[in-house]
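A.B. asks: CSV, C-alpha atoms, saved as coords05.csv, coming up:
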```csv
chain,number,residue,atom,x,y,z
A,510,MET,CA,-15.0,-20.4,31.5
A,511,GLU,CA,-17.9,-18.0,32.0
A,512,THR,CA,-18.5,-14.8,30.0
A,513,ASN,CA,-17.7,-12.7,33.1
A,514,ASP,CA,-14.4,-14.4,33.5
A,515,VAL,CA,-13.6,-13.8,29.8
A,516,GLN,CA,-14.5,-10.1,30.2
A,517,ASN,CA,-12.3,-9.9,33.3
A,518,ILE,CA,-9.4,-11.4,31.5
A,519,TRP,CA,-9.9,-9.0,28.6
A,520,LYS,CA,-9.8,-6.0,31.0
A,521,ASN,CA,-6.1,-6.8,31.6
A,522,ILE,CA,-5.2,-6.0,28.1
A,523,ASP,CA,-5.1,-2.2,28.7
A,524,SER,CA,-2.3,-2.6,31.2
A,525,GLU,CA,-0.4,-5.0,28.9
A,526,ILE,CA,-0.4,-2.9,25.7
A,527,ASN,CA,2.6,-0.7,25.1
A,528,LEU,CA,1.2,2.7,24.1
A,529,LYS,CA,3.0,5.0,21.7
A,530,THR,CA,3.9,8.5,22.5
A,531,THR,CA,2.4,11.4,20.5
A,532,ASP,CA,5.8,11.9,18.8
A,533,GLU,CA,5.8,8.3,17.7
A,534,LEU,CA,2.2,8.6,16.4
A,535,HIS,CA,3.2,11.7,14.5
A,536,GLN,CA,6.1,9.9,12.9
A,537,LEU,CA,3.9,7.1,11.8
A,538,LEU,CA,1.6,9.6,10.1
A,539,THR,CA,4.4,11.3,8.3
A,540,ALA,CA,6.2,8.0,7.4
A,541,LYS,CA,3.2,7.1,5.2
A,542,THR,CA,3.9,10.2,3.1
A,543,ARG,CA,7.5,9.4,2.7
A,544,LYS,CA,6.6,5.9,1.6
A,545,THR,CA,4.5,7.3,-1.2
A,546,ILE,CA,7.4,9.5,-2.4
A,547,ASN,CA,9.5,6.3,-2.4
A,548,LYS,CA,7.0,4.7,-4.9
A,549,PHE,CA,7.9,7.5,-7.3
A,550,LEU,CA,11.6,7.0,-6.6
A,551,MET,CA,11.3,3.3,-7.4
A,552,ILE,CA,9.7,4.0,-10.8
A,553,ILE,CA,12.4,6.6,-11.7
A,554,SER,CA,15.1,4.1,-10.6
A,555,ILE,CA,13.7,1.5,-13.0
A,556,ASP,CA,13.6,4.1,-15.6
A,557,VAL,CA,17.3,5.0,-15.1
A,558,LEU,CA,18.2,1.3,-15.3
A,559,VAL,CA,16.3,0.8,-18.5
A,560,CYS,CA,17.9,3.9,-20.0
A,561,VAL,CA,21.4,2.8,-19.0
A,562,GLY,CA,20.7,-0.7,-20.5
A,563,LEU,CA,19.4,0.7,-23.7
A,564,ILE,CA,22.3,3.1,-24.1
A,565,ALA,CA,24.7,0.2,-23.6
A,566,PHE,CA,22.9,-1.8,-26.2
A,567,LEU,CA,22.8,1.1,-28.7
A,568,LEU,CA,26.5,1.9,-28.3
A,569,THR,CA,27.6,-1.8,-28.6
A,570,THR,CA,25.5,-2.3,-31.7
A,571,MET,CA,26.8,0.9,-33.2
A,572,LEU,CA,30.4,-0.2,-32.7
A,573,ASN,CA,29.6,-3.5,-34.3
A,574,ARG,CA,28.0,-1.9,-37.3
A,575,GLN,CA,30.4,0.9,-38.2
A,576,GLY,CA,29.9,0.6,-41.9
A,577,ASP,CA,26.1,0.9,-41.9
A,578,THR,CA,25.4,4.6,-41.9
A,579,ILE,CA,21.6,4.5,-41.7
A,580,TYR,CA,21.8,2.1,-38.8
A,581,GLN,CA,24.3,4.4,-37.1
A,582,VAL,CA,22.0,7.4,-37.6
A,583,ASN,CA,19.0,5.5,-36.3
A,584,ASN,CA,20.9,4.4,-33.2
A,585,SER,CA,22.5,7.8,-32.7
A,586,ILE,CA,19.0,9.5,-32.6
A,587,LEU,CA,17.8,6.9,-30.2
A,588,CYS,CA,20.8,7.3,-28.1
A,589,ILE,CA,20.3,11.1,-27.8
A,590,PHE,CA,16.6,10.6,-26.8
A,591,THR,CA,17.6,7.9,-24.2
A,592,LEU,CA,20.4,10.0,-22.9
A,593,PHE,CA,18.0,13.0,-22.5
A,594,ALA,CA,15.5,10.7,-20.7
A,595,LEU,CA,18.3,9.4,-18.5
A,596,ILE,CA,19.4,12.9,-17.5
A,597,VAL,CA,15.8,14.0,-16.8
A,598,SER,CA,15.3,10.8,-14.7
A,599,VAL,CA,18.5,11.3,-12.7
A,600,LEU,CA,17.7,15.0,-12.0
A,601,SER,CA,14.1,14.0,-11.0
A,602,TRP,CA,15.3,11.3,-8.7
A,603,ASN,CA,17.7,13.8,-7.1
A,604,LYS,CA,15.0,16.4,-6.6
A,605,LEU,CA,12.6,13.9,-5.1
A,606,GLN,CA,15.0,12.2,-2.7
A,607,ASN,CA,16.7,15.4,-1.6
A,608,ASN,CA,15.4,15.5,1.9
A,609,LYS,CA,15.8,18.9,3.5
A,610,TYR,CA,15.1,18.2,7.1
A,611,ASN,CA,14.7,21.8,8.0
A,612,LEU,CA,11.4,21.9,6.2
A,613,SER,CA,8.1,21.2,7.8
A,614,LEU,CA,6.2,18.3,6.5
A,615,LYS,CA,3.7,20.6,4.8
A,616,ASP,CA,6.4,22.5,2.9
A,617,TRP,CA,8.3,19.4,2.1
A,618,LEU,CA,5.2,17.8,0.7
A,619,GLU,CA,4.2,21.0,-1.2
A,620,GLN,CA,7.5,21.1,-3.0
A,621,ARG,CA,7.2,17.5,-4.2
A,622,ILE,CA,3.5,17.8,-5.1
A,623,LYS,CA,4.4,20.8,-7.4
A,624,LEU,CA,7.2,18.8,-9.0
A,625,LEU,CA,5.0,15.8,-9.6
A,626,ILE,CA,2.1,17.9,-11.0
A,627,LYS,CA,4.6,19.4,-13.4
A,628,TRP,CA,5.6,15.9,-14.6
A,629,LEU,CA,2.3,14.2,-14.6
A,630,LEU,CA,0.0,17.0,-15.7
A,631,GLY,CA,2.2,19.7,-17.1
A,632,ARG,CA,2.7,21.0,-20.6
A,633,TYR,CA,4.8,18.0,-21.8
A,634,SER,CA,3.0,15.3,-19.8
A,635,LYS,CA,1.2,14.0,-22.9
A,636,LEU,CA,4.3,14.0,-25.1
A,637,TYR,CA,4.6,10.3,-24.6
A,638,ILE,CA,1.7,9.7,-27.0
A,639,LEU,CA,3.9,11.1,-29.8
A,640,LEU,CA,7.2,9.7,-28.6
A,641,ILE,CA,6.2,6.1,-28.0
A,642,PRO,CA,5.4,5.2,-31.6
A,643,VAL,CA,8.4,7.0,-33.0
A,644,LEU,CA,10.8,5.5,-30.5
A,645,LEU,CA,9.2,2.1,-30.8
A,646,VAL,CA,9.8,2.0,-34.6
A,647,MET,CA,13.4,3.0,-34.1
A,648,ILE,CA,14.1,0.5,-31.3
A,649,ASN,CA,12.4,-2.3,-33.3
A,650,LEU,CA,14.5,-1.4,-36.3
A,651,SER,CA,17.7,-1.3,-34.2
A,652,ILE,CA,17.1,-4.7,-32.7
A,653,HIS,CA,15.8,-6.4,-35.8
A,654,VAL,CA,18.5,-5.1,-38.2
A,655,TYR,CA,21.2,-6.0,-35.7
A,656,TYR,CA,20.1,-9.6,-35.2
A,657,GLU,CA,19.4,-10.2,-38.9
A,658,ARG,CA,23.1,-9.6,-39.4
A,659,LYS,CA,22.4,-7.7,-42.6
A,660,SER,CA,22.7,-4.0,-43.5
A,661,PHE,CA,19.8,-1.7,-42.8
A,662,THR,CA,18.9,-1.3,-46.5
A,663,GLU,CA,19.1,-5.0,-47.1
A,664,VAL,CA,16.8,-5.8,-44.3
A,665,MET,CA,14.3,-3.2,-45.5
A,666,GLN,CA,14.1,-4.9,-48.9
A,667,TYR,CA,12.8,-8.2,-47.4
A,668,GLU,CA,9.0,-8.4,-47.3
A,669,GLU,CA,9.1,-10.8,-44.4
A,670,SER,CA,11.1,-8.3,-42.4
A,671,ILE,CA,8.6,-5.5,-43.1
A,672,TYR,CA,5.7,-7.8,-41.9
A,673,GLY,CA,7.7,-8.8,-38.9
A,674,LEU,CA,8.5,-5.2,-38.0
A,675,THR,CA,4.8,-4.2,-38.6
A,676,VAL,CA,3.5,-6.9,-36.3
A,677,GLY,CA,6.2,-6.2,-33.7
A,678,PHE,CA,5.3,-2.5,-33.9
A,679,ILE,CA,1.6,-3.1,-33.4
A,680,ILE,CA,2.1,-5.5,-30.5
A,681,GLY,CA,4.8,-3.3,-29.0
A,682,LEU,CA,2.6,-0.2,-29.3
A,683,PHE,CA,-0.3,-1.9,-27.6
A,684,VAL,CA,1.8,-3.2,-24.8
A,685,SER,CA,3.7,0.1,-24.3
A,686,PHE,CA,0.5,2.2,-24.2
A,687,ILE,CA,-1.1,-0.2,-21.7
A,688,ALA,CA,2.1,-0.2,-19.5
A,689,VAL,CA,2.4,3.6,-19.7
A,690,GLN,CA,-1.3,4.1,-18.9
A,691,LYS,CA,-1.0,1.8,-15.9
A,692,ILE,CA,2.1,3.5,-14.6
A,693,ARG,CA,0.5,6.9,-15.1
A,694,ARG,CA,-2.7,5.8,-13.3
A,695,TYR,CA,-0.6,4.5,-10.4
A,696,GLN,CA,1.4,7.7,-10.2
A,697,LEU,CA,-1.7,9.9,-10.4
A,698,LYS,CA,-3.3,7.9,-7.6
A,699,ASN,CA,-0.2,8.4,-5.4
A,700,LEU,CA,-0.2,12.1,-6.3
A,701,GLU,CA,-3.9,12.3,-5.3
A,702,PHE,CA,-3.0,10.7,-2.0
A,703,LEU,CA,-0.2,13.2,-1.3
A,704,GLU,CA,-2.5,16.1,-2.1
A,705,GLU,CA,-5.1,14.7,0.2
A,706,ILE,CA,-2.5,14.5,3.1
A,707,HIS,CA,-1.3,18.0,2.2
A,708,SER,CA,-4.8,19.4,2.4
A,709,HIS,CA,-5.2,18.2,5.9
A,710,LEU,CA,-2.0,19.7,7.2
B,855,MET,CA,-5.8,27.4,19.0
B,856,LYS,CA,-4.9,23.9,18.2
B,857,SER,CA,-4.3,22.9,14.6
B,858,LEU,CA,-6.3,20.1,13.1
B,859,GLN,CA,-3.2,17.9,13.2
B,860,GLU,CA,-2.5,18.6,16.9
B,861,GLU,CA,-6.2,17.9,17.7
B,862,PHE,CA,-6.1,14.7,15.8
B,863,LEU,CA,-2.8,13.5,17.4
B,864,GLU,CA,-4.2,14.2,20.8
B,865,ILE,CA,-7.3,12.1,20.1
B,866,LEU,CA,-5.1,9.4,18.6
B,867,THR,CA,-2.9,9.4,21.7
B,868,ASN,CA,-5.9,9.0,24.0
B,869,TYR,CA,-7.7,6.4,21.9
B,870,GLN,CA,-4.8,4.4,20.5
B,871,GLY,CA,-5.6,1.4,22.7
B,872,ILE,CA,-8.5,0.6,20.3
B,873,LEU,CA,-6.1,0.4,17.4
B,874,HIS,CA,-3.8,-2.0,19.3
B,875,LYS,CA,-6.7,-4.2,20.3
B,876,VAL,CA,-8.1,-4.4,16.8
B,877,ASN,CA,-4.7,-5.2,15.5
B,878,LEU,CA,-4.2,-7.9,18.0
B,879,ILE,CA,-7.3,-9.8,17.1
B,880,TYR,CA,-6.7,-9.6,13.3
B,881,PHE,CA,-2.9,-9.9,12.8
B,882,ARG,CA,-0.6,-12.6,13.9
B,883,ASN,CA,2.8,-11.0,13.7
B,884,LYS,CA,4.4,-7.7,14.7
B,885,THR,CA,5.2,-6.5,11.2
B,886,GLU,CA,1.7,-7.0,10.0
B,887,ARG,CA,0.4,-5.2,13.1
B,888,GLU,CA,2.7,-2.3,12.6
B,889,ASP,CA,1.8,-2.0,8.9
B,890,ASN,CA,-1.9,-2.0,9.8
B,891,PHE,CA,-1.5,0.4,12.7
B,892,GLN,CA,0.0,2.9,10.3
B,893,GLU,CA,-2.7,2.3,7.7
B,894,ILE,CA,-5.4,2.8,10.4
B,895,ILE,CA,-3.8,6.1,11.4
B,896,TYR,CA,-3.9,7.3,7.8
B,897,GLN,CA,-7.5,6.2,7.3
B,898,LEU,CA,-8.5,8.0,10.5
B,899,TRP,CA,-6.6,11.1,9.5
B,900,LYS,CA,-8.2,11.0,6.1
B,901,SER,CA,-11.7,10.9,7.5
B,902,TYR,CA,-11.2,13.1,10.6
B,903,PRO,CA,-12.1,16.4,9.0
B,904,GLY,CA,-15.4,15.0,7.9
B,905,LEU,CA,-16.2,13.6,11.3
B,906,GLN,CA,-19.6,15.0,12.2
B,907,ASN,CA,-20.3,13.7,15.7
B,908,LYS,CA,-17.2,14.4,17.9
B,909,ASN,CA,-19.1,12.8,20.8
B,910,SER,CA,-18.8,9.3,19.3
B,911,ILE,CA,-15.1,9.4,18.6
B,912,GLY,CA,-14.6,5.9,20.1
B,913,SER,CA,-17.2,4.4,17.8
B,914,TRP,CA,-15.7,6.1,14.8
B,915,ILE,CA,-12.2,4.8,15.7
B,916,TYR,CA,-13.5,1.3,16.2
B,917,ALA,CA,-15.4,1.4,12.9
B,918,VAL,CA,-12.4,2.7,10.9
B,919,SER,CA,-9.9,0.3,12.6
B,920,ILE,CA,-12.1,-2.7,12.0
B,921,ASN,CA,-12.9,-1.8,8.4
B,922,THR,CA,-9.2,-1.0,7.6
B,923,SER,CA,-8.1,-4.4,9.1
B,924,ILE,CA,-10.7,-6.4,7.2
B,925,SER,CA,-9.9,-4.5,4.0
B,926,LYS,CA,-6.2,-5.3,4.4
B,927,LEU,CA,-7.0,-9.0,5.0
B,928,LYS,CA,-9.3,-8.9,2.0
B,929,LYS,CA,-6.7,-7.2,-0.2
B,930,GLU,CA,-4.2,-9.9,0.8
B,931,ARG,CA,-7.0,-12.5,0.2
B,932,ARG,CA,-6.6,-13.9,3.7
B,933,ILE,CA,-10.2,-13.6,4.7
B,934,GLU,CA,-11.4,-16.8,6.3
B,935,TYR,CA,-14.9,-17.7,7.4
B,936,ARG,CA,-14.1,-20.4,9.8
B,937,GLU,CA,-17.0,-22.0,11.6
B,938,LYS,CA,-15.4,-25.2,12.7
B,939,LEU,CA,-12.7,-25.7,15.3
B,940,PRO,CA,-9.4,-26.3,13.5
B,941,GLU,CA,-7.4,-29.2,14.7
B,942,SER,CA,-4.3,-27.2,15.4
B,943,ILE,CA,-5.7,-24.2,17.1
B,944,ASP,CA,-3.3,-24.6,20.0
B,945,LYS,CA,-0.4,-24.4,17.6
B,946,LEU,CA,-1.5,-21.0,16.2
B,947,ASP,CA,1.4,-18.6,16.7
B,948,VAL,CA,-0.9,-15.7,17.2
B,949,ILE,CA,0.9,-13.5,19.6
B,950,GLU,CA,4.4,-15.0,19.4
B,951,GLU,CA,6.3,-12.0,20.6
B,952,LEU,CA,3.9,-10.7,23.2
B,953,THR,CA,4.6,-11.2,26.9
B,954,PHE,CA,1.0,-11.1,28.0
B,955,HIS,CA,-0.4,-13.1,30.8
B,956,GLU,CA,-1.1,-16.7,29.8
B,957,ASN,CA,-4.9,-16.4,30.2
B,958,LEU,CA,-4.9,-13.3,28.0
B,959,ARG,CA,-2.7,-15.0,25.4
B,960,ARG,CA,-5.1,-17.9,25.3
B,961,LEU,CA,-8.1,-15.6,25.0
B,962,ILE,CA,-6.5,-13.7,22.0
B,963,LYS,CA,-5.7,-17.0,20.4
B,964,ALA,CA,-9.3,-18.1,20.8
B,965,ILE,CA,-10.7,-14.8,19.4
B,966,TYR,CA,-8.2,-15.0,16.5
B,967,ASN,CA,-9.8,-18.3,15.5
B,968,LEU,CA,-13.3,-16.7,15.1
B,969,ASN,CA,-14.4,-15.6,11.6
B,970,GLU,CA,-13.5,-11.9,10.7
B,971,ILE,CA,-16.9,-10.4,11.6
B,972,ASP,CA,-17.3,-12.4,14.8
B,973,LYS,CA,-13.8,-11.3,15.9
B,974,SER,CA,-14.9,-7.6,15.8
B,975,ILE,CA,-18.3,-8.4,17.4
B,976,MET,CA,-16.6,-10.3,20.2
B,977,LEU,CA,-14.0,-7.5,20.7
B,978,LEU,CA,-16.8,-4.9,21.1
B,979,TYR,CA,-18.7,-7.2,23.4
B,980,LEU,CA,-15.6,-7.7,25.6
B,981,GLU,CA,-15.2,-3.9,25.6
B,982,GLU,CA,-18.6,-3.8,27.1
B,983,LYS,CA,-20.3,-2.0,24.2
B,984,SER,CA,-24.0,-2.1,24.1
B,985,TYR,CA,-25.8,-4.1,21.4
B,986,ASP,CA,-26.9,-0.8,19.8
B,987,GLU,CA,-23.3,0.5,19.7
B,988,ILE,CA,-22.1,-2.8,18.2
B,989,ALA,CA,-24.8,-2.7,15.6
B,990,GLU,CA,-23.9,0.9,14.7
B,991,ILE,CA,-20.2,0.2,14.4
B,992,ILE,CA,-20.5,-3.1,12.5
B,993,GLY,CA,-23.5,-2.1,10.5
B,994,LEU,CA,-25.8,-5.0,11.4
B,995,SER,CA,-29.2,-4.9,12.9
B,996,ARG,CA,-29.5,-5.1,16.7
B,997,SER,CA,-31.2,-8.6,16.6
B,998,ASN,CA,-28.5,-9.9,14.3
B,999,VAL,CA,-25.8,-8.6,16.7
B,1000,GLY,CA,-27.6,-10.6,19.5
B,1001,VAL,CA,-27.6,-13.8,17.5
B,1002,ARG,CA,-24.0,-13.4,16.4
B,1003,ILE,CA,-22.8,-12.6,19.9
B,1004,ASN,CA,-24.4,-15.8,21.3
B,1005,ARG,CA,-22.9,-17.9,18.5
B,1006,ALA,CA,-19.5,-16.2,18.8
B,1007,LYS,CA,-19.6,-16.7,22.6
B,1008,GLU,CA,-20.3,-20.4,22.1
B,1009,THR,CA,-17.4,-20.8,19.6
B,1010,LEU,CA,-15.1,-18.8,21.8
B,1011,LYS,CA,-16.0,-21.1,24.7
B,1012,GLN,CA,-15.2,-24.2,22.7
B,1013,ASN,CA,-11.9,-22.6,21.4
B,1014,LEU,CA,-10.9,-21.8,25.0
B,1015,ASN,CA,-11.7,-25.2,26.3
B,1016,HIS,CA,-9.8,-26.8,23.5
B,1017,LEU,CA,-6.8,-24.5,24.2
B,1018,LYS,CA,-7.0,-25.2,27.9
B,1019,ASN,CA,-7.2,-29.0,27.5
B,1020,GLY,CA,-4.5,-28.9,24.9
B,1021,ASN,CA,-2.1,-27.1,27.3
```
Have the structure of the file written as structure tokens, please.
C.D. replies:
Amino acid sequence: METNDVQNIWKNIDSEINLKTTDELHQLLTAKTRKTINKFLMIISIDVLVCVGLIAFLLTTMLNRQGDTIYQVNNSILCIFTLFALIVSVLSWNKLQNNKYNLSLKDWLEQRIKLLIKWLLGRYSKLYILLIPVLLVMINLSIHVYYERKSFTEVMQYEESIYGLTVGFIIGLFVSFIAVQKIRRYQLKNLEFLEEIHSHL
Amino acid sequence: MKSLQEEFLEILTNYQGILHKVNLIYFRNKTEREDNFQEIIYQLWKSYPGLQNKNSIGSWIYAVSINTSISKLKKERRIEYREKLPESIDKLDVIEELTFHENLRRLIKAIYNLNEIDKSIMLLYLEEKSYDEIAEIIGLSRSNVGVRINRAKETLKQNLNHLKNGN
């Protein structure tokens, strides 16, 4: 087959391709934006599941350790924090996925960007630096004490337990901060993407 | 006065053929092509406000489409630098759901089997772009483009003969 033949065959491609309408192209452009919002929704959904799982664990262990007051207090505080996180997550999920179709893409996007900026860069956005270590100690204690099958004060008297908890805390802290940093970076990248789209609208 | 978005969509409507063609030579199935089509639209949209020379819109669309497609393949670690004719080229299910004319299907299969850079060079060559335009879009020197076109033409010829004899 000669080059000219090939070029002639290639010319047929224009008549064979199914072109999209302007509306379809516009939809493709906006779909990308909605996909990015879905990434935030996915993270919040995981957050909700983790909170529900943790609350279930805390309540079950509290019921099984009714005589251990310190353990009950520890789990109750954790439960309150987790419940608060769960409520915030559910409300956030609801706000993000609430699609008001009467809004233009620009307004729709603007609302979500404002919301995400508040979460990711707002006044309380760095609170996790303080909360992670505190909650980690409490979760470690809750799990460790429960599976040791001894009372809270008894467990705290064992040197081995203290070492174990300290090592667990350090590793946990390291892993948690890396995970949170990665999630934050991912979320900020997506926020940047949304702002970029918004600036062009 | 048209908004930037309206202006962009008008250009996209007129030049979308380029996106379809680039997609066809880089991606085998419909889902991948649709994903990449959307990604190209976004990349074009992102770079549109900074587009300096509105007289070379075609070249800009080719460049963005090709770069986006290669980046997607690279991201998915599917970049292949094939130089030899694979034994099962005729079994490549390149355009499984397309109802193109047999010769065109065969040609797309043959192009698909070129390496990633030669695919785009051959596409631009078939689109009757000049060596200078191809060099500008791909970012190679004019002489390098000449060499690569000759080599790609040779490989394409072999691929086509193989496909023809195989059928």
A.B. asks: List every protein, DNA or RNA residue that has an atom no more than 12 Å from (-2.9, -7.1, 26.7) in the file's coordinate frame, counting all atoms listed in the file, and report them as a ChimeraX atom specification.
C.D. replies: /A:517-528 /B:871-872,874-879,949,952-962
A.B. asks: What is the distance, in Å and to one decimal place, between CA of Phe549 (chain A) and CA of Asn699 (chain A)?
C.D. replies: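 Separation between CA of Phe549 (chain A) and CA of Asn699 (chain A): 8.4 Å.
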A.B. asks: Tell me, counting only C-alpha atoms, for each residue of chain A within 12 Å of chain B, which pair of atoms is nearest and how far apart they are in Å to one decimal, in rows ordered by chain and increasing number, as JSON lines.
C.D. replies:
```
{"residue": "A:Met510", "atom": "CA", "partner": "B:Lys1011", "partner_atom": "CA", "distance": 6.9}
{"residue": "A:Glu511", "atom": "CA", "partner": "B:Lys1011", "partner_atom": "CA", "distance": 8.2}
{"residue": "A:Thr512", "atom": "CA", "partner": "B:Lys1007", "partner_atom": "CA", "distance": 7.7}
{"residue": "A:Asn513", "atom": "CA", "partner": "B:Leu980", "partner_atom": "CA", "distance": 9.3}
{"residue": "A:Asp514", "atom": "CA", "partner": "B:Asn957", "partner_atom": "CA", "distance": 10.3}
{"residue": "A:Val515", "atom": "CA", "partner": "B:Leu961", "partner_atom": "CA", "distance": 7.5}
{"residue": "A:Gln516", "atom": "CA", "partner": "B:Leu980", "partner_atom": "CA", "distance": 5.3}
{"residue": "A:Asn517", "atom": "CA", "partner": "B:Leu980", "partner_atom": "CA", "distance": 8.7}
{"residue": "A:Ile518", "atom": "CA", "partner": "B:Leu958", "partner_atom": "CA", "distance": 6.0}
{"residue": "A:Trp519", "atom": "CA", "partner": "B:Leu980", "partner_atom": "CA", "distance": 6.6}
{"residue": "A:Lys520", "atom": "CA", "partner": "B:Glu981", "partner_atom": "CA", "distance": 7.9}
{"residue": "A:Asn521", "atom": "CA", "partner": "B:Leu958", "partner_atom": "CA", "distance": 7.5}
{"residue": "A:Ile522", "atom": "CA", "partner": "B:Leu958", "partner_atom": "CA", "distance": 7.3}
{"residue": "A:Asp523", "atom": "CA", "partner": "B:Gly871", "partner_atom": "CA", "distance": 7.0}
{"residue": "A:Ser524", "atom": "CA", "partner": "B:Phe954", "partner_atom": "CA", "distance": 9.7}
{"residue": "A:Glu525", "atom": "CA", "partner": "B:Phe954", "partner_atom": "CA", "distance": 6.3}
{"residue": "A:Ile526", "atom": "CA", "partner": "B:His874", "partner_atom": "CA", "distance": 7.3}
{"residue": "A:Asn527", "atom": "CA", "partner": "B:His874", "partner_atom": "CA", "distance": 8.7}
{"residue": "A:Leu528", "atom": "CA", "partner": "B:Gly871", "partner_atom": "CA", "distance": 7.1}
{"residue": "A:Lys529", "atom": "CA", "partner": "B:Thr867", "partner_atom": "CA", "distance": 7.4}
{"residue": "A:Thr530", "atom": "CA", "partner": "B:Thr867", "partner_atom": "CA", "distance": 6.9}
{"residue": "A:Thr531", "atom": "CA", "partner": "B:Thr867", "partner_atom": "CA", "distance": 5.8}
{"residue": "A:Asp532", "atom": "CA", "partner": "B:Leu863", "partner_atom": "CA", "distance": 8.9}
{"residue": "A:Glu533", "atom": "CA", "partner": "B:Thr867", "partner_atom": "CA", "distance": 9.6}
{"residue": "A:Leu534", "atom": "CA", "partner": "B:Leu863", "partner_atom": "CA", "distance": 7.1}
{"residue": "A:His535", "atom": "CA", "partner": "B:Leu863", "partner_atom": "CA", "distance": 6.9}
{"residue": "A:Gln536", "atom": "CA", "partner": "B:Gln892", "partner_atom": "CA", "distance": 9.6}
{"residue": "A:Leu537", "atom": "CA", "partner": "B:Gln892", "partner_atom": "CA", "distance": 5.9}
{"residue": "A:Leu538", "atom": "CA", "partner": "B:Tyr896", "partner_atom": "CA", "distance": 6.4}
{"residue": "A:Thr539", "atom": "CA", "partner": "B:Tyr896", "partner_atom": "CA", "distance": 9.2}
{"residue": "A:Ala540", "atom": "CA", "partner": "B:Gln892", "partner_atom": "CA", "distance": 8.5}
{"residue": "A:Lys541", "atom": "CA", "partner": "B:Gln892", "partner_atom": "CA", "distance": 7.3}
{"residue": "A:Thr542", "atom": "CA", "partner": "B:Tyr896", "partner_atom": "CA", "distance": 9.6}
{"residue": "A:Lys544", "atom": "CA", "partner": "B:Gln892", "partner_atom": "CA", "distance": 11.3}
{"residue": "A:Leu614", "atom": "CA", "partner": "B:Gln859", "partner_atom": "CA", "distance": 11.6}
{"residue": "A:Lys615", "atom": "CA", "partner": "B:Gln859", "partner_atom": "CA", "distance": 11.2}
{"residue": "A:Phe702", "atom": "CA", "partner": "B:Lys900", "partner_atom": "CA", "distance": 9.6}
{"residue": "A:Leu703", "atom": "CA", "partner": "B:Lys900", "partner_atom": "CA", "distance": 11.1}
{"residue": "A:Glu704", "atom": "CA", "partner": "B:Lys900", "partner_atom": "CA", "distance": 11.2}
{"residue": "A:Glu705", "atom": "CA", "partner": "B:Lys900", "partner_atom": "CA", "distance": 7.6}
{"residue": "A:Ile706", "atom": "CA", "partner": "B:Lys900", "partner_atom": "CA", "distance": 7.3}
{"residue": "A:His707", "atom": "CA", "partner": "B:Lys900", "partner_atom": "CA", "distance": 10.6}
{"residue": "A:Ser708", "atom": "CA", "partner": "B:Lys900", "partner_atom": "CA", "distance": 9.8}
{"residue": "A:His709", "atom": "CA", "partner": "B:Leu858", "partner_atom": "CA", "distance": 7.5}
{"residue": "A:Leu710", "atom": "CA", "partner": "B:Gln859", "partner_atom": "CA", "distance": 6.4}
```
A.B. asks: Mind dumping the selected residues with C-alpha atoms as an mmCIF file, in the coordinates of the input?
C.D. replies:
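Dumped to out_15.cif:
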```
data_model
loop_
_atom_site.group_PDB
_atom_site.id
_atom_site.type_symbol
_atom_site.label_atom_id
_atom_site.label_comp_id
_atom_site.auth_asym_id
_atom_site.auth_seq_id
_atom_site.Cartn_x
_atom_site.Cartn_y
_atom_site.Cartn_z
ATOM 1 C CA MET A 510 -15.000 -20.400 31.500
ATOM 2 C CA GLU A 511 -17.900 -18.000 32.000
ATOM 3 C CA THR A 512 -18.500 -14.800 30.000
ATOM 4 C CA ASN A 513 -17.700 -12.700 33.100
ATOM 5 C CA ASP A 514 -14.400 -14.400 33.500
ATOM 6 C CA VAL A 515 -13.600 -13.800 29.800
ATOM 7 C CA GLN A 516 -14.500 -10.100 30.200
ATOM 8 C CA ASN A 517 -12.300 -9.900 33.300
ATOM 9 C CA ILE A 518 -9.400 -11.400 31.500
ATOM 10 C CA TRP A 519 -9.900 -9.000 28.600
ATOM 11 C CA LYS A 520 -9.800 -6.000 31.000
ATOM 12 C CA ASN A 521 -6.100 -6.800 31.600
ATOM 13 C CA ILE A 522 -5.200 -6.000 28.100
ATOM 14 C CA ASP A 523 -5.100 -2.200 28.700
ATOM 15 C CA SER A 524 -2.300 -2.600 31.200
ATOM 16 C CA GLU A 525 -0.400 -5.000 28.900
ATOM 17 C CA ILE A 526 -0.400 -2.900 25.700
ATOM 18 C CA ASN A 527 2.600 -0.700 25.100
ATOM 19 C CA LEU A 528 1.200 2.700 24.100
ATOM 20 C CA LYS A 529 3.000 5.000 21.700
ATOM 21 C CA THR A 530 3.900 8.500 22.500
ATOM 22 C CA THR A 531 2.400 11.400 20.500
ATOM 23 C CA ASP A 532 5.800 11.900 18.800
ATOM 24 C CA GLU A 533 5.800 8.300 17.700
ATOM 25 C CA LEU A 534 2.200 8.600 16.400
ATOM 26 C CA HIS A 535 3.200 11.700 14.500
ATOM 27 C CA GLN A 536 6.100 9.900 12.900
ATOM 28 C CA LEU A 537 3.900 7.100 11.800
ATOM 29 C CA LEU A 538 1.600 9.600 10.100
ATOM 30 C CA THR A 539 4.400 11.300 8.300
ATOM 31 C CA ALA A 540 6.200 8.000 7.400
ATOM 32 C CA LYS A 541 3.200 7.100 5.200
ATOM 33 C CA THR A 542 3.900 10.200 3.100
ATOM 34 C CA LYS A 544 6.600 5.900 1.600
ATOM 35 C CA LEU A 614 6.200 18.300 6.500
ATOM 36 C CA LYS A 615 3.700 20.600 4.800
ATOM 37 C CA PHE A 702 -3.000 10.700 -2.000
ATOM 38 C CA LEU A 703 -0.200 13.200 -1.300
ATOM 39 C CA GLU A 704 -2.500 16.100 -2.100
ATOM 40 C CA GLU A 705 -5.100 14.700 0.200
ATOM 41 C CA ILE A 706 -2.500 14.500 3.100
ATOM 42 C CA HIS A 707 -1.300 18.000 2.200
ATOM 43 C CA SER A 708 -4.800 19.400 2.400
ATOM 44 C CA HIS A 709 -5.200 18.200 5.900
ATOM 45 C CA LEU A 710 -2.000 19.700 7.200
#
```
